[in-house]
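Asks: Below is the file model-v3.txt, which contains compact mmCIF, C-alpha atoms.
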```txt
# COMPACT_ATOMS: atom_id res chain seq x y z
CA MET A 1 0.00 0.00 0.00
CA ASN A 2 2.63 2.51 1.05
CA SER A 3 6.14 2.71 -0.29
CA HIS A 4 8.93 3.67 2.05
CA ASN A 5 9.36 7.02 0.25
CA GLU A 6 5.86 8.36 0.74
CA PRO A 7 4.44 9.09 4.18
CA LEU A 8 1.34 7.26 5.34
CA THR A 9 -1.66 9.58 5.41
CA PHE A 10 -4.67 9.14 7.63
CA GLU A 11 -6.96 9.14 4.58
CA ALA A 12 -4.91 6.39 2.90
CA MET A 13 -4.97 4.31 6.07
CA ILE A 14 -8.78 4.65 6.36
CA ALA A 15 -9.31 3.90 2.67
CA THR A 16 -7.16 0.77 2.87
CA HIS A 17 -8.53 -0.59 6.17
CA LYS A 18 -12.14 0.61 6.24
CA GLY A 19 -13.29 -2.99 5.84
CA ILE A 20 -12.01 -3.67 9.36
CA LEU A 21 -14.09 -0.76 10.70
CA TYR A 22 -17.24 -2.14 9.09
CA LYS A 23 -16.62 -5.72 10.25
CA ILE A 24 -16.17 -4.55 13.82
CA ALA A 25 -19.17 -2.20 13.67
CA ARG A 26 -21.45 -4.92 12.22
CA SER A 27 -20.34 -7.32 14.92
CA TYR A 28 -20.74 -4.96 17.85
CA SER A 29 -23.79 -2.89 16.97
CA TYR A 30 -27.28 -3.92 16.00
CA CYS A 31 -28.82 -1.00 14.13
CA ASP A 32 -27.68 1.24 11.30
CA GLU A 33 -27.56 4.41 13.38
CA GLU A 34 -25.50 2.75 16.11
CA ARG A 35 -23.15 1.27 13.49
CA ARG A 36 -22.60 4.71 11.96
CA ASP A 37 -21.89 6.15 15.42
CA LEU A 38 -19.47 3.34 16.19
CA ILE A 39 -17.65 3.79 12.87
CA GLN A 40 -17.33 7.51 13.63
CA GLU A 41 -16.02 6.74 17.12
CA ILE A 42 -13.47 4.23 15.76
CA THR A 43 -12.39 6.73 13.11
CA LEU A 44 -12.00 9.41 15.77
CA GLN A 45 -9.89 7.11 17.95
CA LEU A 46 -7.74 6.16 14.94
CA TRP A 47 -7.27 9.86 14.20
CA ARG A 48 -6.34 10.65 17.80
CA SER A 49 -3.76 7.89 17.96
CA PHE A 50 -2.54 8.01 14.35
CA THR A 51 0.67 9.91 15.20
CA GLN A 52 1.53 7.22 17.75
CA TYR A 53 1.38 4.37 15.21
CA ASP A 54 4.75 2.60 15.05
CA PRO A 55 5.47 1.55 11.44
CA LYS A 56 7.56 -1.42 12.57
CA PHE A 57 4.23 -3.11 13.42
CA LYS A 58 1.66 -4.20 10.84
CA LEU A 59 -0.87 -1.43 10.25
CA SER A 60 -3.88 -3.75 10.04
CA THR A 61 -3.04 -5.23 13.45
CA TRP A 62 -2.91 -1.73 14.95
CA VAL A 63 -6.23 -0.79 13.26
CA TYR A 64 -7.88 -3.94 14.64
CA ARG A 65 -6.59 -3.18 18.14
CA VAL A 66 -7.88 0.39 18.11
CA ALA A 67 -11.20 -0.63 16.50
CA LEU A 68 -11.87 -3.49 18.92
CA ASN A 69 -10.91 -1.49 22.01
CA THR A 70 -13.14 1.35 20.83
CA ALA A 71 -16.07 -0.97 20.08
CA ILE A 72 -15.89 -2.62 23.48
CA SER A 73 -15.66 0.77 25.25
CA PHE A 74 -18.47 2.11 23.06
CA LEU A 75 -20.81 -0.63 24.22
CA ARG A 76 -19.98 -0.04 27.88
CA ARG A 77 -21.16 3.56 27.84
CA ASP A 78 -24.66 4.29 29.07
CA SER A 79 -24.92 7.85 27.81
CA LEU A 80 -25.67 8.89 24.23
CA ARG A 81 -22.67 8.74 21.95
CA LYS A 82 -22.06 12.17 20.53
CA ALA A 83 -18.55 11.94 19.12
CA HIS A 84 -18.44 13.46 15.67
CA ILE A 85 -15.67 13.61 13.12
CA GLU A 86 -15.56 15.58 9.95
CA LEU A 87 -13.53 14.19 7.11
CA THR A 88 -12.81 16.15 4.00
CA ASP A 89 -14.01 13.23 1.91
CA MET A 90 -16.77 11.14 3.52
CA SER A 91 -16.58 8.72 0.56
CA LEU A 92 -13.56 7.26 2.35
CA LEU A 93 -16.01 5.70 4.78
CA THR A 94 -18.36 4.17 2.22
CA GLU A 95 -18.80 0.52 3.14
CA PRO A 96 -16.87 -1.77 0.81
CA VAL A 97 -19.05 -4.01 -1.35
CA ASP A 98 -18.74 -7.67 -0.47
CA SER A 99 -19.68 -10.03 -3.27
CA THR A 100 -19.92 -13.10 -1.02
CA ASN A 101 -23.16 -14.94 -0.35
CA THR A 102 -25.34 -12.47 1.56
CA GLU A 103 -27.46 -15.18 3.20
CA LEU A 104 -24.36 -16.96 4.48
CA MET A 105 -22.88 -13.67 5.73
CA LEU A 106 -26.09 -12.88 7.64
CA GLU A 107 -26.03 -16.34 9.25
CA ILE A 108 -22.38 -15.90 10.24
CA GLN A 109 -23.15 -12.49 11.74
CA ARG A 110 -26.12 -13.96 13.63
CA LEU A 111 -23.93 -16.73 15.07
CA LEU A 112 -21.13 -14.30 15.94
CA LYS A 113 -23.58 -12.22 17.98
CA LEU A 114 -24.12 -15.28 20.19
CA LEU A 115 -20.47 -15.12 21.28
CA ASN A 116 -19.20 -12.90 24.07
CA LYS A 117 -17.45 -9.70 22.95
CA TYR A 118 -13.96 -11.08 23.41
CA ASP A 119 -14.56 -14.33 21.51
CA ARG A 120 -16.38 -12.40 18.79
CA ALA A 121 -13.37 -10.10 18.32
CA LEU A 122 -11.01 -13.05 18.19
CA PHE A 123 -13.10 -14.96 15.67
CA ILE A 124 -13.68 -11.94 13.41
CA MET A 125 -9.92 -11.59 13.06
CA HIS A 126 -9.62 -15.33 12.38
CA LEU A 127 -12.27 -15.13 9.65
CA ASP A 128 -10.46 -12.13 8.20
CA GLY A 129 -7.35 -14.26 7.71
CA LEU A 130 -5.12 -12.98 10.48
CA ASP A 131 -2.73 -15.63 11.72
CA TYR A 132 -2.53 -16.66 15.36
CA ALA A 133 0.49 -14.43 16.03
CA GLN A 134 -1.29 -11.36 14.63
CA ILE A 135 -4.43 -12.07 16.66
CA ALA A 136 -2.26 -12.64 19.74
CA ASP A 137 -0.63 -9.23 19.18
CA VAL A 138 -4.00 -7.47 18.96
CA LEU A 139 -5.48 -9.19 22.01
CA ASP A 140 -2.23 -9.34 23.99
CA ILE A 141 -2.39 -13.11 24.59
CA SER A 142 -0.21 -16.00 23.43
CA ALA A 143 -0.60 -17.58 19.99
CA SER A 144 -1.24 -20.96 21.61
CA ASN A 145 -4.04 -19.38 23.64
CA VAL A 146 -5.48 -18.01 20.38
CA SER A 147 -5.35 -21.51 18.85
CA THR A 148 -7.16 -23.04 21.81
CA LYS A 149 -9.81 -20.32 21.89
CA ILE A 150 -10.46 -20.56 18.14
CA SER A 151 -10.86 -24.33 18.40
CA ARG A 152 -13.40 -23.92 21.22
CA ILE A 153 -15.28 -21.19 19.36
CA LYS A 154 -15.47 -23.37 16.24
CA GLN A 155 -16.87 -26.24 18.30
CA ARG A 156 -19.45 -23.95 19.90
CA LEU A 157 -20.48 -22.35 16.59
CA ASN A 158 -20.68 -25.74 14.93
CA THR A 159 -23.00 -26.96 17.69
CA LEU A 160 -25.13 -23.81 17.40
CA PHE A 161 -25.24 -23.98 13.59
CA ILE A 162 -26.08 -27.68 13.43
CA GLY A 163 -28.60 -27.27 16.23
CA ASP A 164 -30.30 -24.44 14.33
CA ASP A 165 -30.17 -26.41 11.08
CA ASN A 166 -31.91 -29.38 12.70
CA ASN A 167 -34.64 -27.10 14.05
CA GLY A 168 -35.25 -25.39 10.70
```
Would you kindly transcribe this structure into structure tokens?
Replies:
Amino acid sequence: MNSHNEPLTFEAMIATHKGILYKIARSYSYCDEERRDLIQEITLQLWRSFTQYDPKFKLSTWVYRVALNTAISFLRRDSLRKAHIELTDMSLLTEPVDSTNTELMLEIQRLLKLLNKYDRALFIMHLDGLDYAQIADVLDISASNVSTKISRIKQRLNTLFIGDDNNG
């Protein structure tokens, strides 16, 4: 994405990794308005901490960490969320089009919502193709712990999915 000669801009970072923002927002909020608020809050937190990003670490891992921490904090708040951010080009935050099977994606999202927040975060990263070491970095746990947790989540989701399939 970014050659070593050109500096990373906030807009380029958002444009490249906005899919992460939408995955997290869909997994942690249940209505369109709340999702938009959460995406704004994540974007604001990314903006606030952008100058502290250390390029020796993978950018997507850092974005996941900020997005997940923000989403979890966002859900804990009782008061109305009024954080606003103005970007010069709001098209940067247009949700990327996913050409995968919509019905399957809705079922996966439904099953993910049955997991606790921590397991949901872990499994979203797994589904997004992050390896155990990357997930471990984001969640600050060991890679072997990630492996164990993913195995348990898969077993639980498999039981839930098969159970639902037998009932339908």
Asks: Select, from A:Ile20, A:Val63, A:Ile141, A:Leu114, the residue with the minimum atom-to-atom distance to Leu127 (chain A), counting all atoms listed in the file.
Replies: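 Smallest distance to Leu127 (chain A) is found for A:Ile20.
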Asks: Using all atoms listed in the file, can you tell me which of A:Thr61, A:Gln109, A:Thr9, A:Gln155 comes closest to Asp140 (chain A)?
Replies: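 Under the stated criterion, the closest residue is A:Thr61.
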Asks: Would you mind reading off the distance between CA of Thr70 (chain A) and CA of Tyr22 (chain A), one decimal, in Å?
Replies: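 Going from CA of Thr70 (chain A) over to CA of Tyr22 (chain A), I get 12.9 Å.
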Asks: Kindly give the distance, in Å, that separates CA of Ser60 (chain A) and CA of Ile135 (chain A), rounded to a single decimal.
Replies: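 For CA of Ser60 (chain A) relative to CA of Ile135 (chain A), the distance reads 10.6 Å.
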Asks: Could you tell me how far CA of Leu157 (chain A) lies from CA of Ala71 (chain A), in Å and to one decimal?
Replies: 22.1 Å
Asks: Write out N, CA and C atoms for region 115-128 of chain A, as a PDB file, keeping the file's coordinate frame.
Replies:
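Listing of rebuild.pdb after writing:
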```pdb
ATOM      1  N   LEU A 115     -21.721 -15.025  20.524  1.00  0.00           N
ATOM      2  CA  LEU A 115     -20.470 -15.120  21.280  1.00  0.00           C
ATOM      3  C   LEU A 115     -20.302 -13.914  22.183  1.00  0.00           C
ATOM      4  N   ASN A 116     -19.502 -14.070  23.242  1.00  0.00           N
ATOM      5  CA  ASN A 116     -19.200 -12.900  24.070  1.00  0.00           C
ATOM      6  C   ASN A 116     -18.310 -11.970  23.259  1.00  0.00           C
ATOM      7  N   LYS A 117     -18.170 -10.733  23.703  1.00  0.00           N
ATOM      8  CA  LYS A 117     -17.450  -9.700  22.950  1.00  0.00           C
ATOM      9  C   LYS A 117     -16.013 -10.098  22.637  1.00  0.00           C
ATOM     10  N   TYR A 118     -15.363 -10.703  23.578  1.00  0.00           N
ATOM     11  CA  TYR A 118     -13.960 -11.080  23.410  1.00  0.00           C
ATOM     12  C   TYR A 118     -13.802 -12.181  22.364  1.00  0.00           C
ATOM     13  N   ASP A 119     -14.617 -13.231  22.478  1.00  0.00           N
ATOM     14  CA  ASP A 119     -14.560 -14.330  21.510  1.00  0.00           C
ATOM     15  C   ASP A 119     -14.968 -13.849  20.124  1.00  0.00           C
ATOM     16  N   ARG A 120     -15.945 -12.949  20.071  1.00  0.00           N
ATOM     17  CA  ARG A 120     -16.380 -12.400  18.790  1.00  0.00           C
ATOM     18  C   ARG A 120     -15.224 -11.661  18.109  1.00  0.00           C
ATOM     19  N   ALA A 121     -14.512 -10.840  18.864  1.00  0.00           N
ATOM     20  CA  ALA A 121     -13.370 -10.100  18.320  1.00  0.00           C
ATOM     21  C   ALA A 121     -12.316 -11.064  17.790  1.00  0.00           C
ATOM     22  N   LEU A 122     -12.017 -12.064  18.577  1.00  0.00           N
ATOM     23  CA  LEU A 122     -11.010 -13.050  18.190  1.00  0.00           C
ATOM     24  C   LEU A 122     -11.418 -13.761  16.905  1.00  0.00           C
ATOM     25  N   PHE A 123     -12.660 -14.179  16.818  1.00  0.00           N
ATOM     26  CA  PHE A 123     -13.100 -14.960  15.670  1.00  0.00           C
ATOM     27  C   PHE A 123     -13.247 -14.105  14.417  1.00  0.00           C
ATOM     28  N   ILE A 124     -13.610 -12.850  14.555  1.00  0.00           N
ATOM     29  CA  ILE A 124     -13.680 -11.940  13.410  1.00  0.00           C
ATOM     30  C   ILE A 124     -12.295 -11.837  12.765  1.00  0.00           C
ATOM     31  N   MET A 125     -11.284 -11.686  13.588  1.00  0.00           N
ATOM     32  CA  MET A 125      -9.920 -11.590  13.060  1.00  0.00           C
ATOM     33  C   MET A 125      -9.516 -12.894  12.382  1.00  0.00           C
ATOM     34  N   HIS A 126      -9.910 -14.025  12.979  1.00  0.00           N
ATOM     35  CA  HIS A 126      -9.620 -15.330  12.380  1.00  0.00           C
ATOM     36  C   HIS A 126     -10.288 -15.447  11.012  1.00  0.00           C
ATOM     37  N   LEU A 127     -11.550 -15.066  10.923  1.00  0.00           N
ATOM     38  CA  LEU A 127     -12.270 -15.130   9.650  1.00  0.00           C
ATOM     39  C   LEU A 127     -11.668 -14.187   8.618  1.00  0.00           C
ATOM     40  N   ASP A 128     -11.055 -13.117   9.106  1.00  0.00           N
ATOM     41  CA  ASP A 128     -10.460 -12.130   8.200  1.00  0.00           C
ATOM     42  C   ASP A 128      -9.067 -12.559   7.735  1.00  0.00           C
TER      43      ASP A 128
END
```
